[in-house]
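Source file: target_8.pdb; contents: PDB, C-alpha atoms.
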```
ATOM      1  CA  MET V  13     136.230  -1.396 149.569
ATOM      2  CA  LYS V  14     138.060  -2.789 146.571
ATOM      3  CA  VAL V  15     138.426  -2.262 142.833
ATOM      4  CA  HIS V  16     135.597  -4.477 141.569
ATOM      5  CA  HIS V  17     136.495  -4.088 137.908
ATOM      6  CA  LEU V  18     137.968  -1.892 135.226
ATOM      7  CA  GLY V  19     135.940  -1.515 132.037
ATOM      8  CA  VAL V  20     137.922  -1.087 128.810
ATOM      9  CA  ALA V  21     136.115   0.124 125.686
ATOM     10  CA  VAL V  22     137.304  -1.858 122.650
ATOM     11  CA  GLU V  23     136.350  -1.850 119.001
ATOM     12  CA  SER V  24     136.439  -5.604 118.598
ATOM     13  CA  LEU V  25     136.443  -8.403 121.149
ATOM     14  CA  ALA V  26     137.581 -10.769 118.416
ATOM     15  CA  HIS V  27     140.724  -8.692 118.003
ATOM     16  CA  THR V  28     141.357  -7.600 121.582
ATOM     17  CA  VAL V  29     140.569 -10.722 123.639
ATOM     18  CA  PRO V  30     143.651 -12.574 122.307
ATOM     19  CA  VAL V  31     145.811  -9.490 123.068
ATOM     20  CA  PHE V  32     144.737  -9.486 126.710
ATOM     21  CA  GLU V  33     144.986 -13.268 126.922
ATOM     22  CA  THR V  34     148.655 -12.944 125.998
ATOM     23  CA  LEU V  35     149.220  -9.957 128.282
ATOM     24  CA  LEU V  36     147.505 -11.523 131.290
ATOM     25  CA  GLY V  37     148.578 -15.121 130.660
ATOM     26  CA  GLN V  38     145.045 -16.488 130.989
ATOM     27  CA  LYS V  39     141.971 -17.242 128.923
ATOM     28  CA  ALA V  40     139.024 -14.849 129.021
ATOM     29  CA  GLY V  41     135.763 -16.031 130.514
ATOM     30  CA  PRO V  42     132.843 -16.656 128.138
ATOM     31  CA  VAL V  43     131.545 -13.549 126.351
ATOM     32  CA  GLU V  44     128.315 -12.228 127.851
ATOM     33  CA  THR V  45     125.856  -9.838 126.251
ATOM     34  CA  VAL V  46     124.261  -7.170 128.448
ATOM     35  CA  ALA V  47     121.382  -6.023 126.268
ATOM     36  CA  GLU V  48     120.354  -3.173 128.560
ATOM     37  CA  GLN V  49     123.786  -1.550 128.238
ATOM     38  CA  GLN V  50     124.197  -2.570 124.568
ATOM     39  CA  VAL V  51     127.471  -4.251 125.267
ATOM     40  CA  ARG V  52     129.284  -7.567 124.886
ATOM     41  CA  VAL V  53     131.717  -8.297 127.709
ATOM     42  CA  ALA V  54     134.776 -10.540 128.021
ATOM     43  CA  SER V  55     136.224 -10.706 131.502
ATOM     44  CA  PHE V  56     139.524 -11.608 133.195
ATOM     45  CA  ARG V  57     140.295 -12.106 136.891
ATOM     46  CA  VAL V  58     143.202  -9.967 138.177
ATOM     47  CA  GLY V  59     143.660 -10.572 141.911
ATOM     48  CA  GLU V  60     140.501  -9.479 143.728
ATOM     49  CA  SER V  61     139.460  -7.385 140.697
ATOM     50  CA  ARG V  62     138.300  -8.046 137.154
ATOM     51  CA  LEU V  63     139.300  -6.538 133.863
ATOM     52  CA  GLU V  64     136.326  -6.305 131.498
ATOM     53  CA  LEU V  65     136.610  -5.702 127.766
ATOM     54  CA  LEU V  66     133.489  -3.950 126.459
ATOM     55  CA  GLU V  67     132.367  -3.974 122.823
ATOM     56  CA  GLY V  68     129.283  -1.955 121.876
ATOM     57  CA  THR V  69     126.514  -3.890 120.142
ATOM     58  CA  SER V  70     125.364  -0.894 118.087
ATOM     59  CA  GLU V  71     126.838   2.322 116.784
ATOM     60  CA  ASP V  72     124.883   4.459 119.228
ATOM     61  CA  SER V  73     125.721   2.343 122.280
ATOM     62  CA  PRO V  74     127.511   4.214 125.084
ATOM     63  CA  VAL V  75     130.721   2.262 124.473
ATOM     64  CA  ALA V  76     130.729   2.922 120.714
ATOM     65  CA  ARG V  77     130.068   6.622 121.320
ATOM     66  CA  PHE V  78     132.912   6.741 123.856
ATOM     67  CA  ILE V  79     135.276   5.209 121.276
ATOM     68  CA  SER V  80     134.214   7.557 118.490
ATOM     69  CA  LYS V  81     134.919  10.535 120.766
ATOM     70  CA  ARG V  82     138.046   9.427 122.651
ATOM     71  CA  GLY V  83     139.281   6.230 121.053
ATOM     72  CA  GLN V  84     139.653   2.876 122.739
ATOM     73  CA  GLY V  85     140.802   2.801 126.357
ATOM     74  CA  ILE V  86     139.676   2.652 129.957
ATOM     75  CA  HIS V  87     135.983   3.510 130.069
ATOM     76  CA  HIS V  88     135.125   3.264 133.769
ATOM     77  CA  VAL V  89     136.253   1.942 137.125
ATOM     78  CA  ALA V  90     133.964   0.174 139.595
ATOM     79  CA  LEU V  91     134.574   0.219 143.352
ATOM     80  CA  THR V  92     132.647  -1.661 146.023
ATOM     81  CA  VAL V  93     131.054   0.143 148.952
ATOM     82  CA  PRO V  94     129.376  -1.416 152.019
ATOM     83  CA  ASP V  95     126.127   0.600 151.891
ATOM     84  CA  LEU V  96     125.389   2.097 148.484
ATOM     85  CA  ALA V  97     122.243   4.063 149.356
ATOM     86  CA  ASP V  98     124.092   5.693 152.239
ATOM     87  CA  THR V  99     127.102   6.499 150.044
ATOM     88  CA  LEU V 100     124.859   8.088 147.398
ATOM     89  CA  ARG V 101     123.110  10.226 150.026
ATOM     90  CA  THR V 102     126.486  11.431 151.329
ATOM     91  CA  LEU V 103     127.774  12.204 147.842
ATOM     92  CA  GLU V 104     124.623  14.086 146.877
ATOM     93  CA  ARG V 105     124.803  16.151 150.062
ATOM     94  CA  GLN V 106     128.426  16.990 149.215
ATOM     95  CA  GLY V 107     127.400  18.244 145.763
ATOM     96  CA  PHE V 108     128.512  15.308 143.615
ATOM     97  CA  ARG V 109     126.679  14.937 140.322
ATOM     98  CA  LEU V 110     125.118  11.470 140.257
ATOM     99  CA  ILE V 111     124.012   9.590 137.162
ATOM    100  CA  ASP V 112     121.969   7.321 139.437
ATOM    101  CA  ARG V 113     120.588   9.021 142.548
ATOM    102  CA  ALA V 114     119.454   5.688 143.957
ATOM    103  CA  PRO V 115     120.828   2.158 143.583
ATOM    104  CA  ARG V 116     119.605   0.173 140.598
ATOM    105  CA  VAL V 117     120.104  -3.499 139.784
ATOM    106  CA  GLY V 118     123.066  -4.208 137.494
ATOM    107  CA  ALA V 119     123.560  -7.010 135.000
ATOM    108  CA  GLY V 120     125.026  -9.337 137.628
ATOM    109  CA  GLY V 121     122.166  -8.722 140.067
ATOM    110  CA  GLU V 122     124.174  -6.384 142.328
ATOM    111  CA  ARG V 123     123.010  -2.947 143.408
ATOM    112  CA  ILE V 124     124.971  -0.380 141.405
ATOM    113  CA  ALA V 125     125.070   3.345 140.645
ATOM    114  CA  PHE V 126     127.209   5.601 138.490
ATOM    115  CA  VAL V 127     128.735   8.919 139.534
ATOM    116  CA  HIS V 128     129.160  11.498 136.766
ATOM    117  CA  PRO V 129     132.758  12.016 135.576
ATOM    118  CA  ALA V 130     132.297  15.786 135.838
ATOM    119  CA  SER V 131     132.382  15.328 139.627
ATOM    120  CA  VAL V 132     135.301  12.863 139.732
ATOM    121  CA  ALA V 133     138.135  14.431 137.710
ATOM    122  CA  GLY V 134     136.932  12.935 134.443
ATOM    123  CA  VAL V 135     136.617   9.402 135.824
ATOM    124  CA  LEU V 136     133.352   7.549 135.181
ATOM    125  CA  MET V 137     132.951   5.824 138.554
ATOM    126  CA  GLU V 138     130.624   2.898 139.177
ATOM    127  CA  LEU V 139     129.805   2.009 142.764
ATOM    128  CA  ILE V 140     128.706  -1.542 143.592
ATOM    129  CA  GLU V 141     127.263  -2.640 146.903
ATOM    130  CA  GLU V 142     129.241  -5.415 148.561
ATOM    131  CA  PRO V 143     127.185  -8.597 148.720
TER     132      PRO V 143
ATOM    133  CA  MET H 636     148.847 -10.816 139.562
ATOM    134  CA  LYS H 637     146.807  -7.918 140.894
ATOM    135  CA  VAL H 638     145.884  -4.350 140.038
ATOM    136  CA  HIS H 639     148.763  -2.517 141.718
ATOM    137  CA  HIS H 640     147.345   0.953 141.099
ATOM    138  CA  LEU H 641     145.269   3.165 138.853
ATOM    139  CA  GLY H 642     146.796   6.513 137.903
ATOM    140  CA  VAL H 643     144.340   9.390 137.408
ATOM    141  CA  ALA H 644     145.555  12.565 135.669
ATOM    142  CA  VAL H 645     144.208  15.649 137.473
ATOM    143  CA  GLU H 646     144.659  19.348 136.979
ATOM    144  CA  SER H 647     144.963  20.185 140.651
ATOM    145  CA  LEU H 648     145.636  17.984 143.666
ATOM    146  CA  ALA H 649     144.434  20.832 145.889
ATOM    147  CA  HIS H 650     141.038  20.629 144.225
ATOM    148  CA  THR H 651     140.780  16.881 143.595
ATOM    149  CA  VAL H 652     142.202  15.309 146.764
ATOM    150  CA  PRO H 653     139.202  16.462 148.875
ATOM    151  CA  VAL H 654     136.823  15.084 146.211
ATOM    152  CA  PHE H 655     138.373  11.625 146.423
ATOM    153  CA  GLU H 656     138.611  11.830 150.211
ATOM    154  CA  THR H 657     134.836  12.254 150.291
ATOM    155  CA  LEU H 658     134.228   9.586 147.659
ATOM    156  CA  LEU H 659     136.507   7.003 149.265
ATOM    157  CA  GLY H 660     135.821   7.926 152.890
ATOM    158  CA  GLN H 661     139.490   8.185 153.795
ATOM    159  CA  LYS H 662     142.340  10.700 153.916
ATOM    160  CA  ALA H 663     144.952  10.674 151.159
ATOM    161  CA  GLY H 664     148.503   9.734 152.055
ATOM    162  CA  PRO H 665     151.119  12.493 152.028
ATOM    163  CA  VAL H 666     151.770  14.056 148.615
ATOM    164  CA  GLU H 667     155.003  12.823 147.036
ATOM    165  CA  THR H 668     156.905  14.426 144.175
ATOM    166  CA  VAL H 669     158.452  12.138 141.554
ATOM    167  CA  ALA H 670     160.863  14.515 139.826
ATOM    168  CA  GLU H 671     161.836  12.043 137.096
ATOM    169  CA  GLN H 672     158.214  11.757 135.926
ATOM    170  CA  GLN H 673     157.437  15.444 136.618
ATOM    171  CA  VAL H 674     154.533  14.539 138.791
ATOM    172  CA  ARG H 675     153.084  15.079 142.273
ATOM    173  CA  VAL H 676     151.169  12.079 143.592
ATOM    174  CA  ALA H 677     148.462  11.667 146.244
ATOM    175  CA  SER H 678     147.528   8.075 146.950
ATOM    176  CA  PHE H 679     144.634   6.111 148.445
ATOM    177  CA  ARG H 680     144.432   2.437 149.411
ATOM    178  CA  VAL H 681     141.487   0.563 147.821
ATOM    179  CA  GLY H 682     141.618  -3.106 148.853
ATOM    180  CA  GLU H 683     144.829  -4.644 147.533
ATOM    181  CA  SER H 684     145.199  -1.766 145.026
ATOM    182  CA  ARG H 685     145.955   1.944 145.171
ATOM    183  CA  LEU H 686     144.321   4.875 143.480
ATOM    184  CA  GLU H 687     146.900   7.556 142.609
ATOM    185  CA  LEU H 688     146.043  11.122 141.681
ATOM    186  CA  LEU H 689     148.722  12.595 139.407
ATOM    187  CA  GLU H 690     149.337  16.314 138.927
ATOM    188  CA  GLY H 691     152.010  17.380 136.416
ATOM    189  CA  THR H 692     154.725  19.666 137.789
ATOM    190  CA  SER H 693     155.220  21.479 134.482
ATOM    191  CA  GLU H 694     153.198  22.224 131.379
ATOM    192  CA  ASP H 695     155.202  19.798 129.253
ATOM    193  CA  SER H 696     155.042  16.938 131.751
ATOM    194  CA  PRO H 697     153.449  13.736 130.421
ATOM    195  CA  VAL H 698     150.443  14.163 132.721
ATOM    196  CA  ALA H 699     149.837  17.800 131.704
ATOM    197  CA  ARG H 700     150.128  16.849 128.025
ATOM    198  CA  PHE H 701     147.656  14.005 128.534
ATOM    199  CA  ILE H 702     145.163  16.427 130.107
ATOM    200  CA  SER H 703     145.554  19.034 127.376
ATOM    201  CA  LYS H 704     144.816  16.353 124.754
ATOM    202  CA  ARG H 705     142.132  14.241 126.477
ATOM    203  CA  GLY H 706     141.044  16.026 129.625
ATOM    204  CA  GLN H 707     141.322  14.712 133.149
ATOM    205  CA  GLY H 708     140.712  11.007 133.726
ATOM    206  CA  ILE H 709     142.324   7.617 134.101
ATOM    207  CA  HIS H 710     145.871   7.857 132.770
ATOM    208  CA  HIS H 711     147.247   4.345 133.251
ATOM    209  CA  VAL H 712     146.742   1.055 135.048
ATOM    210  CA  ALA H 713     149.543  -0.893 136.710
ATOM    211  CA  LEU H 714     149.447  -4.681 137.124
ATOM    212  CA  THR H 715     151.916  -6.856 138.983
ATOM    213  CA  VAL H 716     153.677  -9.767 137.284
ATOM    214  CA  PRO H 717     155.914 -12.405 138.900
ATOM    215  CA  ASP H 718     158.853 -12.103 136.463
ATOM    216  CA  LEU H 719     158.926  -8.833 134.553
ATOM    217  CA  ALA H 720     161.899  -9.551 132.269
ATOM    218  CA  ASP H 721     160.294 -12.814 131.213
ATOM    219  CA  THR H 722     156.926 -11.103 130.608
ATOM    220  CA  LEU H 723     158.590  -8.408 128.457
ATOM    221  CA  ARG H 724     160.399 -11.029 126.381
ATOM    222  CA  THR H 725     157.110 -12.867 125.800
ATOM    223  CA  LEU H 726     155.275  -9.678 124.840
ATOM    224  CA  GLU H 727     158.020  -8.570 122.462
ATOM    225  CA  ARG H 728     158.033 -11.977 120.783
ATOM    226  CA  GLN H 729     154.250 -11.681 120.350
ATOM    227  CA  GLY H 730     154.641  -8.297 118.622
ATOM    228  CA  PHE H 731     153.618  -5.965 121.470
ATOM    229  CA  ARG H 732     155.027  -2.441 121.246
ATOM    230  CA  LEU H 733     156.959  -1.802 124.453
ATOM    231  CA  ILE H 734     157.864   1.612 125.844
ATOM    232  CA  ASP H 735     160.455  -0.132 128.045
ATOM    233  CA  ARG H 736     162.005  -3.227 126.479
ATOM    234  CA  ALA H 737     163.722  -4.101 129.756
ATOM    235  CA  PRO H 738     162.752  -3.472 133.399
ATOM    236  CA  ARG H 739     163.786  -0.149 134.904
ATOM    237  CA  VAL H 740     163.652   1.016 138.488
ATOM    238  CA  GLY H 741     160.523   2.998 139.368
ATOM    239  CA  ALA H 742     160.040   5.729 141.946
ATOM    240  CA  GLY H 743     159.224   3.229 144.695
ATOM    241  CA  GLY H 744     162.293   1.090 143.980
ATOM    242  CA  GLU H 745     160.323  -1.636 142.135
ATOM    243  CA  ARG H 746     161.204  -2.987 138.705
ATOM    244  CA  ILE H 747     158.684  -1.541 136.234
ATOM    245  CA  ALA H 748     158.041  -1.228 132.498
ATOM    246  CA  PHE H 749     155.376   0.374 130.345
ATOM    247  CA  VAL H 750     153.623  -1.231 127.379
ATOM    248  CA  HIS H 751     152.503   1.153 124.623
ATOM    249  CA  PRO H 752     148.740   1.829 124.490
ATOM    250  CA  ALA H 753     148.771   1.187 120.735
ATOM    251  CA  SER H 754     149.257  -2.505 121.570
ATOM    252  CA  VAL H 755     146.698  -2.665 124.400
ATOM    253  CA  ALA H 756     143.446  -1.200 123.042
ATOM    254  CA  GLY H 757     144.395   2.346 124.019
ATOM    255  CA  VAL H 758     145.311   1.425 127.613
ATOM    256  CA  LEU H 759     148.656   2.680 128.925
ATOM    257  CA  MET H 760     149.720  -0.405 130.908
ATOM    258  CA  GLU H 761     152.439  -0.393 133.530
ATOM    259  CA  LEU H 762     153.836  -3.738 134.660
ATOM    260  CA  ILE H 763     155.465  -4.006 138.088
ATOM    261  CA  GLU H 764     157.457  -6.962 139.314
ATOM    262  CA  GLU H 765     156.064  -8.528 142.478
ATOM    263  CA  PRO H 766     158.486  -8.047 145.380
TER     264      PRO H 766
END
```

Could you write out this file's structure as structure tokens?
Amino acid sequence: MKVHHLGVAVESLAHTVPVFETLLGQKAGPVETVAEQQVRVASFRVGESRLELLEGTSEDSPVARFISKRGQGIHHVALTVPDLADTLRTLERQGFRLIDRAPRVGAGGERIAFVHPASVAGVLMELIEEP
Amino acid sequence: MKVHHLGVAVESLAHTVPVFETLLGQKAGPVETVAEQQVRVASFRVGESRLELLEGTSEDSPVARFISKRGQGIHHVALTVPDLADTLRTLERQGFRLIDRAPRVGAGGERIAFVHPASVAGVLMELIEEP
């Protein structure tokens, strides 16, 4: 298990990428668009984890709605687990509220699922199956 | 550079520690009180990082004030840097707003400093000097 990435909701990649490039002392990777999640992503490597800046591609995208409610900031954290289907079954049995009750395929091709923040002290938690 | 820890603001360790123990499949370390920051901390190892649950010890503690404004959730992220004083000088020169303009000694004995979220897309960023 590791922190796979942290997702940060930002208003503008054009404005925020240079800020994080200075802070982290490295250039961001190329910006990728994930149409399904209505988001443009710029990513940095931090040890075994990544820091992902997320800009919504429309005003009703999840990231834009998050910002209009709470302002910019950390949007979610993604952890890896060895067996995602098994983890989801355990969590459901324990009463966790799941956004995805079964693994689905994420933008990078991995099997992913989200747990609802209401079950995790306000944290939107993404789980990613280790390759 | 790595993600040293994620700090999650919670209303009640008694309630939330078992939730994360189930989610992460491990027991929390012993709860520690950091009087200076008015906080009780329960901690989990996640790869090379830690996940820290933070409960304020008084109603006007920073963590309790964060929760009353924004609800429970991720409070800050801490990254390691090789030379903290040098990093702070660079950030100040680049116009970053620093909460700590020079390193101070954190609860664990490390040299730490916080960067203001207004400069980092709403993210409260702690920097910790690598040992």

Select from chain H every residue with an atom at most 9 Å from any atom of chain V, then for each give the shortest pair of atoms and their distance in Å to one decimal, using all atoms listed in the file, rows by chain and rising number, as CSV.
```
residue,atom,partner,partner_atom,distance
H:Met636,CA,V:Gly59,CA,5.7
H:Lys637,CA,V:Gly59,CA,4.2
H:Val638,CA,V:Val58,CA,6.5
H:Val643,CA,V:Val135,CA,7.9
H:Ala644,CA,V:Ala133,CA,7.9
H:Val645,CA,V:Ala133,CA,6.2
H:Glu646,CA,V:Ala133,CA,8.2
H:Thr651,CA,V:Ala133,CA,6.9
H:Val654,CA,V:Val132,CA,7.0
H:Phe655,CA,V:Val132,CA,7.5
H:Thr657,CA,V:Leu103,CA,7.5
H:Leu658,CA,V:Leu103,CA,7.0
H:Leu659,CA,V:Met13,CA,8.4
H:Arg680,CA,V:Lys14,CA,8.7
H:Val681,CA,V:Lys14,CA,5.0
H:Gly682,CA,V:Lys14,CA,4.2
H:Glu683,CA,V:Lys14,CA,7.1
H:Ser684,CA,V:Val15,CA,7.1
H:Arg685,CA,V:Val15,CA,8.9
H:Arg705,CA,V:Arg82,CA,7.4
H:Gly706,CA,V:Gly134,CA,7.0
H:Gln707,CA,V:Gly134,CA,4.9
H:Gly708,CA,V:Gly134,CA,4.3
H:Ile709,CA,V:Val135,CA,6.2
H:His710,CA,V:Ile86,CA,8.6
H:His711,CA,V:Ile86,CA,8.4
H:Val712,CA,V:Ile86,CA,8.9
H:Leu714,CA,V:Val58,CA,8.2
H:Val716,CA,V:Leu36,CA,8.8
H:Thr722,CA,V:Leu35,CA,8.1
H:Thr725,CA,V:Thr34,CA,8.5
H:Leu726,CA,V:Leu35,CA,7.0
H:Gln729,CA,V:Thr34,CA,8.0
H:Phe731,CA,V:Val31,CA,8.7
H:Pro752,CA,V:Gly85,CA,8.2
H:Ser754,CA,V:Val31,CA,7.9
H:Val755,CA,V:Val31,CA,7.0
H:Ala756,CA,V:Gln84,CA,5.6
H:Gly757,CA,V:Gly85,CA,4.3
H:Val758,CA,V:Gly85,CA,4.9
H:Leu759,CA,V:Gly85,CA,8.3
```

Requested write-out: C-alpha atoms of the selected residues, as a PDB file, keeping the file's coordinate frame:
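Generated file (part-v6.pdb):
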```
ATOM      1  CA  MET H 636     148.847 -10.816 139.562  1.00  0.00           C
ATOM      2  CA  LYS H 637     146.807  -7.918 140.894  1.00  0.00           C
ATOM      3  CA  VAL H 638     145.884  -4.350 140.038  1.00  0.00           C
ATOM      4  CA  VAL H 643     144.340   9.390 137.408  1.00  0.00           C
ATOM      5  CA  ALA H 644     145.555  12.565 135.669  1.00  0.00           C
ATOM      6  CA  VAL H 645     144.208  15.649 137.473  1.00  0.00           C
ATOM      7  CA  GLU H 646     144.659  19.348 136.979  1.00  0.00           C
ATOM      8  CA  THR H 651     140.780  16.881 143.595  1.00  0.00           C
ATOM      9  CA  VAL H 654     136.823  15.084 146.211  1.00  0.00           C
ATOM     10  CA  PHE H 655     138.373  11.625 146.423  1.00  0.00           C
ATOM     11  CA  THR H 657     134.836  12.254 150.291  1.00  0.00           C
ATOM     12  CA  LEU H 658     134.228   9.586 147.659  1.00  0.00           C
ATOM     13  CA  LEU H 659     136.507   7.003 149.265  1.00  0.00           C
ATOM     14  CA  ARG H 680     144.432   2.437 149.411  1.00  0.00           C
ATOM     15  CA  VAL H 681     141.487   0.563 147.821  1.00  0.00           C
ATOM     16  CA  GLY H 682     141.618  -3.106 148.853  1.00  0.00           C
ATOM     17  CA  GLU H 683     144.829  -4.644 147.533  1.00  0.00           C
ATOM     18  CA  SER H 684     145.199  -1.766 145.026  1.00  0.00           C
ATOM     19  CA  ARG H 685     145.955   1.944 145.171  1.00  0.00           C
ATOM     20  CA  ARG H 705     142.132  14.241 126.477  1.00  0.00           C
ATOM     21  CA  GLY H 706     141.044  16.026 129.625  1.00  0.00           C
ATOM     22  CA  GLN H 707     141.322  14.712 133.149  1.00  0.00           C
ATOM     23  CA  GLY H 708     140.712  11.007 133.726  1.00  0.00           C
ATOM     24  CA  ILE H 709     142.324   7.617 134.101  1.00  0.00           C
ATOM     25  CA  HIS H 710     145.871   7.857 132.770  1.00  0.00           C
ATOM     26  CA  HIS H 711     147.247   4.345 133.251  1.00  0.00           C
ATOM     27  CA  VAL H 712     146.742   1.055 135.048  1.00  0.00           C
ATOM     28  CA  LEU H 714     149.447  -4.681 137.124  1.00  0.00           C
ATOM     29  CA  VAL H 716     153.677  -9.767 137.284  1.00  0.00           C
ATOM     30  CA  THR H 722     156.926 -11.103 130.608  1.00  0.00           C
ATOM     31  CA  THR H 725     157.110 -12.867 125.800  1.00  0.00           C
ATOM     32  CA  LEU H 726     155.275  -9.678 124.840  1.00  0.00           C
ATOM     33  CA  GLN H 729     154.250 -11.681 120.350  1.00  0.00           C
ATOM     34  CA  PHE H 731     153.618  -5.965 121.470  1.00  0.00           C
ATOM     35  CA  PRO H 752     148.740   1.829 124.490  1.00  0.00           C
ATOM     36  CA  SER H 754     149.257  -2.505 121.570  1.00  0.00           C
ATOM     37  CA  VAL H 755     146.698  -2.665 124.400  1.00  0.00           C
ATOM     38  CA  ALA H 756     143.446  -1.200 123.042  1.00  0.00           C
ATOM     39  CA  GLY H 757     144.395   2.346 124.019  1.00  0.00           C
ATOM     40  CA  VAL H 758     145.311   1.425 127.613  1.00  0.00           C
ATOM     41  CA  LEU H 759     148.656   2.680 128.925  1.00  0.00           C
TER      42      LEU H 759
END
```

* Apply the PyMOL selection byres ((chain H and resi 673) around 8) to the file shown and report the selected residues as number ranges by chain. => H: 668-672, 674-675, 691-693, 696-697

Let's have the selection written as a tab-separated table (two decimals), in the frame of the given file, with C-alpha atoms.
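This is the output file again_2.tsv:
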```tsv
chain	number	residue	atom	x	y	z
H	668	THR	CA	156.90	14.43	144.18
H	669	VAL	CA	158.45	12.14	141.55
H	670	ALA	CA	160.86	14.52	139.83
H	671	GLU	CA	161.84	12.04	137.10
H	672	GLN	CA	158.21	11.76	135.93
H	674	VAL	CA	154.53	14.54	138.79
H	675	ARG	CA	153.08	15.08	142.27
H	691	GLY	CA	152.01	17.38	136.42
H	692	THR	CA	154.72	19.67	137.79
H	693	SER	CA	155.22	21.48	134.48
H	696	SER	CA	155.04	16.94	131.75
H	697	PRO	CA	153.45	13.74	130.42
```

* Asked: Just so the selection is clear, what residues does the PyMOL selection byres ((chain H and resi 745) around 9) cover here, as a list of chain:residue names?
  ->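 After applying the PyMOL selection byres ((chain H and resi 745) around 9), what remains is H:Arg739, H:Val740, H:Gly741, H:Ala742, H:Gly743, H:Gly744, H:Arg746, H:Ile747, H:Ile763, H:Glu764, H:Glu765, H:Pro766.
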
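Those residues returned by the PyMOL selection byres ((chain V and resi 42) around 8) for this file are V:Ala40, V:Gly41, V:Val43, V:Glu44, V:Ala54, V:Ser55.
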
* Asked: Distance CA of Asp95 in chain V-CA of Ala125 in chain V, one decimal place?
  -> 11.6 Å

* Separation of CA of Glu656 in chain H and CA of Phe679 in chain H, in Å? ->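 CA of Phe679 in chain H lies 8.5 Å from CA of Glu656 in chain H.
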
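In this structure, CA of Phe749 in chain H sits 14.1 Å away from CA of Asp721 in chain H.
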